[in-house]
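Worksheet: one structure, shown below.
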Amino acid sequence: MRPPWRMVKKLLLFVLFFSYAIANSQINSYQNAVVSSANELASEVGIKILKSGGNAIDAAVGTAFALAVVYPQAGNLGGGGFIVLRSEKGFETSIDFRETAPLLSSKNMYLDNNGNVIPELSTTGQLASGIPGSVAGLLYALEKYGTKSREEILSYAIELAEKGFLINQELANSINHHRSDFNQFTSSFQIFGRKFKNADLFKQTDLANTLKEISSKGRDGFYKGVVADKIVAEMKNGNGIISLRDLEKYQPVERKVIKGTYRGYDLITMGPPSSGGTCLIYLLNILENFDLKSLGKGSVPFVNVLAEAMKRVYSDRSEFMGDKDFYNMPVDKLISKSYAKERFSNFTLGETIPSDGIKPGNADKESPQTTHLSVADSKGNMVSLTTTLNDVFGSKVVVDGAGFLLNNEMDDFSVKPGVPNIYGLVGNEANAIAPGKRMLSSMTPAIILKDNKPFLVIGSPGGGKIITAVLQSVINIIDFEMSAEDAVDAPRFHHQWLPDLLQLENSYASNMQIRELKEIGYSIKIISDFARVEAIKYNPDGTLSGHSDRRGSGKALGF
Ligand code: DON
């Protein structure tokens with residue numbers, strides 16, 4: 001008997017649906033390990049290292065060096081960053097390789113005789129750079145917590161620089177967009193001055209040689225010898241002040257992580273000189289006192305609570321936060337549950353307290369100029385690493401003959417009390433410039449545990465918006481039980497106290513909600529997408545899901 005046609009059709013549909021569902025459930029979900037970064041080629045390097053037996057630190061360091069080649073907007077040798085790591089045995093630590101102010105720097109170095117900020121001095125050109133920390137920090141991490149040789153880990157980046165790689169549309173656009181900036185510096189023009197298009201082969205011979213120096217000599221291949229000489233010579237091409245002594249003296253610092261809890265989850269994150277971890281814990285401590293789920297994700301009361309929390313936290317950031325080695329930043333108080341309660345005791349639902357007192361800054365600027373990578377290996381080691389040149393392509397200065405860009409991280413200091421930096425963030429004495437001091441950061445590499453087991457590895461670029469992007473992704477996962485992908489891709493908003501603006505991604509709120517928020521008293525600004533979160537989530541079935549923010553062109557890979 002022939003089966004009725006309708007039944008065959010139903011059966012076929014059934015089979016199709018289930019194969020689709022199975023395939024889909026496996027998207028971004030892996031049994032062993034995940035690397036999530038802002039560039040697929042860099043994530044591939046991390047995966048190769050893991051597959052050849054390396055651990056999460058080996059992979060993170062290899063990926064970071066690869067990003068210095070394939071993602072020069074933010075990946076770097078000439079910048080700095082932070083690593084938060086947790087080992088399979090539960091050991092937790094952080095490595096601070098933030099840039100430092102040169103020995104010849106001084107508090108008012110970016111001001112004219114009348115005490116006014118000289119435009120662009122802290123953002124473009126040789127004088128904008130702090131002492132690069134990335135090479136020292138990455139090698140420190142590799143030597144202490146990795147398993148593979150420096151030569152092996154660097155070989156991937158060397159190959160990408162020497163043989164070249166096909167650039168993607170994002171990089172082509174980004175370089176072309178900044179051509180006039182590069183044209184100010186002969187060395188930068190030589191490398192980035194031509195017009196690029198998608199799939200152009202990009203070889204970087206000078207950079208490959210610098211990487212080889214590092215590969216064979218370790219940190220001395222960068223902070224001493226030919227590369228150091230080239231950095232100092234580059235200073236003389238402009239008004240730079242980095243000296244051989246600065247380079248020789250630079251040291252990464254291994255620091256205790258700072259910790260918090262949120263609804264029974266444990267948070268491990270970066271302390272000073274980043275404000276990121278402190279602000280994240282402080283924000284979560286405030287929010288823990290509210291049932292966000294019943295307020296409703298994205299509802300007006302939800303935005304009201306979060307925005308008021310953000311305002312209080314960012315105002316404290318501007319006053320109290322800086323390099324703890326130079327200024328007594330009251331971290332313990334800022335991350336205590338009692339302080340969060342006290343600070344939010346004047347909050348009334350449906351009301352806003354306007355931010356006032358300091359001149360509002362320009363909060364418009366943000367582009368993918370920092371980069372985050374998250375790695376989780378099959379043994380349970382987790383690495384959360386954020387690194388930056390500060391602005392896109394940093395100071396725009398390539399070290400002549402060495403092929404890498406220098407940061408413009410000096411702008412992260414408060415160059416004058418109350419004057420906003422490029423992210424519109426203001427600061428004070430706590431974050432004033434001093435020789436050897438680290439400028440305050442917002443980078444927020446974080447690891448979250450549930451019942452003392454790995455749960456989330458997360459972080460992001462985004463200037464002052466890093467903290468609120470990480471915050472909302474975490475809340476989406478913990479409070480709203482969203483997948484890593486949905487949590488990271490969901491629209492976000494931001495408030496940083498000054499300027500007194502509630503900044504909503506254009507898809508965040510309906511017209512009606514915007515009207516209601518205005519009625520409460522918020523000044524609203526609709527902004528384009530911000531931050532590019534890289535997250536890895538451990539699923540209850542033991543698999544790992546990785547996701548690279550839809551806002552960027554990165555990729556989470558796994559196996
Ligand atoms: O350390 C900081 O907070 C900034 N220099 C980070 C810059 C950044 O995230 C730019 N990316 N969009």
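Chains: A, B, ... in order of the structure tokens. Residues: from 1 per chain. Ligands: from 1, in order shown.
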Close residues, Leu207 (chain A) itself excluded, 12 Å, only C-alpha atoms, min 3 positions apart in chain, as an MDAnalysis selection string: chainID A and resid 65:66 68:70 72 76:78 157:164 191 202:204 210:214 222 227 398:405
Neighbours of ligand 1 within 6 Å, counting only C-alpha atoms and all ligand atoms, as a tab-separated table (two decimals) with C-alpha atoms, in the first residue's frame?
chain	number	residue	atom	x	y	z
A	366	GLU	CA	33.16	55.96	19.92
A	367	SER	CA	34.60	53.55	17.42
A	368	PRO	CA	36.19	50.11	17.64
A	369	GLN	CA	39.48	51.24	19.09
A	370	THR	CA	39.90	48.83	21.96
A	390	ASN	CA	42.79	54.13	23.23
A	391	ASP	CA	41.50	55.93	20.13
A	409	GLU	CA	46.40	56.63	26.18
A	412	ASP	CA	42.67	58.83	29.55
A	441	SER	CA	40.67	52.96	32.38
A	442	SER	CA	37.12	51.72	31.90
A	443	MET	CA	38.15	48.31	30.61
A	461	PRO	CA	35.75	47.76	24.07
A	462	GLY	CA	33.71	50.99	24.05
A	463	GLY	CA	35.48	53.71	26.04
Under the rule of at most 10 Å, produce a per-residue listing of region 283-371 of chain A near region 511-516 of chain A: chain, number, name, the closest pair of atoms, and the distance in Å, as CSV, using only C-alpha atoms.
residue,atom,partner,partner_atom,distance
A:Gly298,CA,A:Gln513,CA,9.2
A:Ser299,CA,A:Gln513,CA,7.6
A:Val300,CA,A:Gln513,CA,6.2
A:Pro301,CA,A:Glu516,CA,9.9
A:Val303,CA,A:Gln513,CA,9.8
A:Gly350,CA,A:Glu516,CA,9.6
Among listed residues A:Ile231, A:Met410, A:Val61, A:Ala309, nearest Ser122 (chain A) (using only C-alpha atoms): A:Met410
DSSP-assigned helix (DSSP H, G or I) among region 306-499 of chain A, expressed as a count of residues only: 55
Leu103 (chain A) environment, 12 Å, only C-alpha atoms, sequence neighbours closer than 4 positions dropped, as a count of residues only: 20
Pick from A:Gly62, A:Pro272, A:Gly427, A:Pro252 nearest to Gly133 (chain A), counting only C-alpha atoms: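 The closest residue to Gly133 (chain A) is A:Pro252.
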Quick one: which region 472-557 of chain A residues come within 9 Å of region 446-456 of chain A, and what is the nearest atom pair for each with the distance in Å to one decimal, counting only C-alpha atoms, rows ordered by chain and ascending number, as a tab-separated table?
residue	atom	partner	partner_atom	distance
A:Val474	CA	A:Leu456	CA	8.6
A:Ala484	CA	A:Leu456	CA	8.9
A:Ala535	CA	A:Leu456	CA	7.0
A:Ile536	CA	A:Leu456	CA	5.6
A:Lys537	CA	A:Leu456	CA	4.6
A:Tyr538	CA	A:Phe455	CA	4.9
A:Asn539	CA	A:Phe455	CA	7.7
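Ranking A:Ser378, A:Ser188, A:Ser528, A:Thr352 by their shortest atom-to-atom distance to Gly54 (chain A), with only C-alpha atoms included, puts A:Ser378 first.
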Nearest to Ala74 (chain A) by atom-to-atom distance, counting only C-alpha atoms, from A:Ile175, A:Gly90, A:Lys416, A:Thr261: A:Ile175
Pick from A:Ser395, A:Ser294, A:Ser507, A:Ser548 nearest to Phe185 (chain A), counting only C-alpha atoms: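 Among the listed residues, the smallest separation from Phe185 (chain A) belongs to A:Ser395.
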Strand (DSSP E or B) call set, DSSP backbone run, region 241-360 of chain A, as a list in words: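 Here is the list: Val253, Glu254, Arg255, Ile258, Lys259, Gly260, Thr261, Tyr262, Tyr265, Asp266, Leu267, Ile268, Thr269 and Ser274 of chain A.
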Could those residues be written to a file, using all heavy atoms, as a short mmCIF file (atom, residue, chain, number, x, y, z; two decimals), in the first residue's frame?
data_model
loop_
_atom_site.label_atom_id
_atom_site.label_comp_id
_atom_site.auth_asym_id
_atom_site.auth_seq_id
_atom_site.Cartn_x
_atom_site.Cartn_y
_atom_site.Cartn_z
N VAL A 253 52.13 44.65 36.20
CA VAL A 253 51.95 44.35 37.62
C VAL A 253 50.86 43.29 37.78
O VAL A 253 49.77 43.43 37.23
CB VAL A 253 51.52 45.62 38.41
CG1 VAL A 253 51.43 45.31 39.90
CG2 VAL A 253 52.49 46.76 38.17
N GLU A 254 51.21 42.23 38.50
CA GLU A 254 50.19 41.22 38.79
C GLU A 254 49.45 41.69 40.03
O GLU A 254 50.04 42.02 41.05
CB GLU A 254 50.85 39.86 39.02
CG GLU A 254 49.82 38.78 39.19
CD GLU A 254 50.37 37.38 38.95
OE1 GLU A 254 51.55 37.24 38.60
OE2 GLU A 254 49.58 36.43 39.14
N ARG A 255 48.14 41.78 39.93
CA ARG A 255 47.35 42.33 41.03
C ARG A 255 46.27 41.35 41.45
O ARG A 255 45.79 40.55 40.64
CB ARG A 255 46.68 43.63 40.60
CG ARG A 255 47.65 44.71 40.20
CD ARG A 255 46.92 46.00 39.87
NE ARG A 255 47.79 47.00 39.29
CZ ARG A 255 48.55 47.86 39.96
NH1 ARG A 255 48.53 47.86 41.28
NH2 ARG A 255 49.31 48.74 39.34
N ILE A 258 39.54 41.96 41.90
CA ILE A 258 38.52 42.41 42.85
C ILE A 258 37.28 41.55 42.64
O ILE A 258 37.02 41.07 41.53
CB ILE A 258 38.22 43.92 42.78
CG1 ILE A 258 37.73 44.34 41.40
CG2 ILE A 258 39.41 44.74 43.20
CD1 ILE A 258 37.10 45.71 41.43
N LYS A 259 36.54 41.38 43.73
CA LYS A 259 35.44 40.41 43.68
C LYS A 259 34.14 41.00 44.18
O LYS A 259 34.13 41.85 45.07
CB LYS A 259 35.78 39.22 44.57
CG LYS A 259 36.93 38.40 44.07
CD LYS A 259 36.99 37.17 44.93
CE LYS A 259 38.14 36.28 44.57
NZ LYS A 259 37.97 34.97 45.16
N GLY A 260 33.06 40.52 43.62
CA GLY A 260 31.74 40.91 44.09
C GLY A 260 30.79 39.73 43.94
O GLY A 260 31.17 38.67 43.42
N THR A 261 29.57 39.93 44.40
CA THR A 261 28.55 38.89 44.18
C THR A 261 27.30 39.56 43.62
O THR A 261 27.06 40.75 43.86
CB THR A 261 28.17 38.18 45.49
OG1 THR A 261 27.64 39.15 46.40
CG2 THR A 261 29.34 37.46 46.11
N TYR A 262 26.55 38.79 42.86
CA TYR A 262 25.30 39.30 42.32
C TYR A 262 24.30 38.15 42.25
O TYR A 262 24.53 37.19 41.51
CB TYR A 262 25.53 39.89 40.92
CG TYR A 262 24.28 40.47 40.29
CD1 TYR A 262 23.64 41.57 40.86
CD2 TYR A 262 23.74 39.93 39.13
CE1 TYR A 262 22.49 42.11 40.27
CE2 TYR A 262 22.60 40.46 38.54
CZ TYR A 262 21.98 41.55 39.12
OH TYR A 262 20.84 42.08 38.55
N TYR A 265 25.76 34.77 42.23
CA TYR A 265 26.88 34.52 41.31
C TYR A 265 28.11 35.27 41.85
O TYR A 265 27.97 36.31 42.49
CB TYR A 265 26.56 35.06 39.92
CG TYR A 265 25.48 34.29 39.19
CD1 TYR A 265 24.13 34.47 39.48
CD2 TYR A 265 25.82 33.37 38.20
CE1 TYR A 265 23.15 33.77 38.82
CE2 TYR A 265 24.84 32.66 37.52
CZ TYR A 265 23.50 32.87 37.83
OH TYR A 265 22.53 32.17 37.17
N ASP A 266 29.30 34.72 41.56
CA ASP A 266 30.54 35.38 41.99
C ASP A 266 31.21 36.05 40.81
O ASP A 266 31.38 35.43 39.75
CB ASP A 266 31.51 34.35 42.58
CG ASP A 266 30.99 33.81 43.88
OD1 ASP A 266 30.86 34.60 44.82
OD2 ASP A 266 30.67 32.59 43.93
N LEU A 267 31.62 37.29 41.04
CA LEU A 267 32.25 38.10 39.98
C LEU A 267 33.72 38.28 40.27
O LEU A 267 34.09 38.66 41.38
CB LEU A 267 31.65 39.48 40.07
CG LEU A 267 30.85 39.96 38.92
CD1 LEU A 267 29.40 39.80 39.27
CD2 LEU A 267 31.20 41.41 38.68
N ILE A 268 34.54 38.06 39.26
CA ILE A 268 35.99 38.26 39.40
C ILE A 268 36.37 39.25 38.33
O ILE A 268 36.14 38.99 37.15
CB ILE A 268 36.74 36.93 39.15
CG1 ILE A 268 36.23 35.85 40.09
CG2 ILE A 268 38.23 37.11 39.26
CD1 ILE A 268 36.48 34.46 39.55
N THR A 269 36.95 40.38 38.71
CA THR A 269 37.21 41.37 37.68
C THR A 269 38.41 42.25 38.02
O THR A 269 39.13 41.99 38.98
CB THR A 269 35.90 42.16 37.35
OG1 THR A 269 36.16 43.12 36.35
CG2 THR A 269 35.33 42.84 38.56
N SER A 274 42.07 50.22 36.46
CA SER A 274 40.83 50.32 35.71
C SER A 274 39.71 50.68 36.67
O SER A 274 39.72 50.25 37.83
CB SER A 274 40.47 49.02 35.00
OG SER A 274 39.35 49.29 34.18
#
Straight-line distance linking CA of Ile57 (chain A) with CA of Ala141 (chain A), stated in Å to one decimal: 7.1 Å
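Among A:Met482, A:Asn237, A:Asn32, A:His494, the residue with the shortest atom-to-atom distance to Leu306 (chain A), counting only C-alpha atoms, is A:His494.
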All residues 8 Å or closer to region 497-504 of chain A, only C-alpha atoms, same chain fewer than 3 positions away omitted, as a ChimeraX atom specification: /A:307,310-312,314-315,354-356,358-363,424-426,492-494,507-509,522-527
Straight-line distance linking CA of Leu440 (chain A) with CA of Gly322 (chain A), stated in Å to one decimal: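 Between CA of Leu440 (chain A) and CA of Gly322 (chain A) the gap is 5.0 Å.
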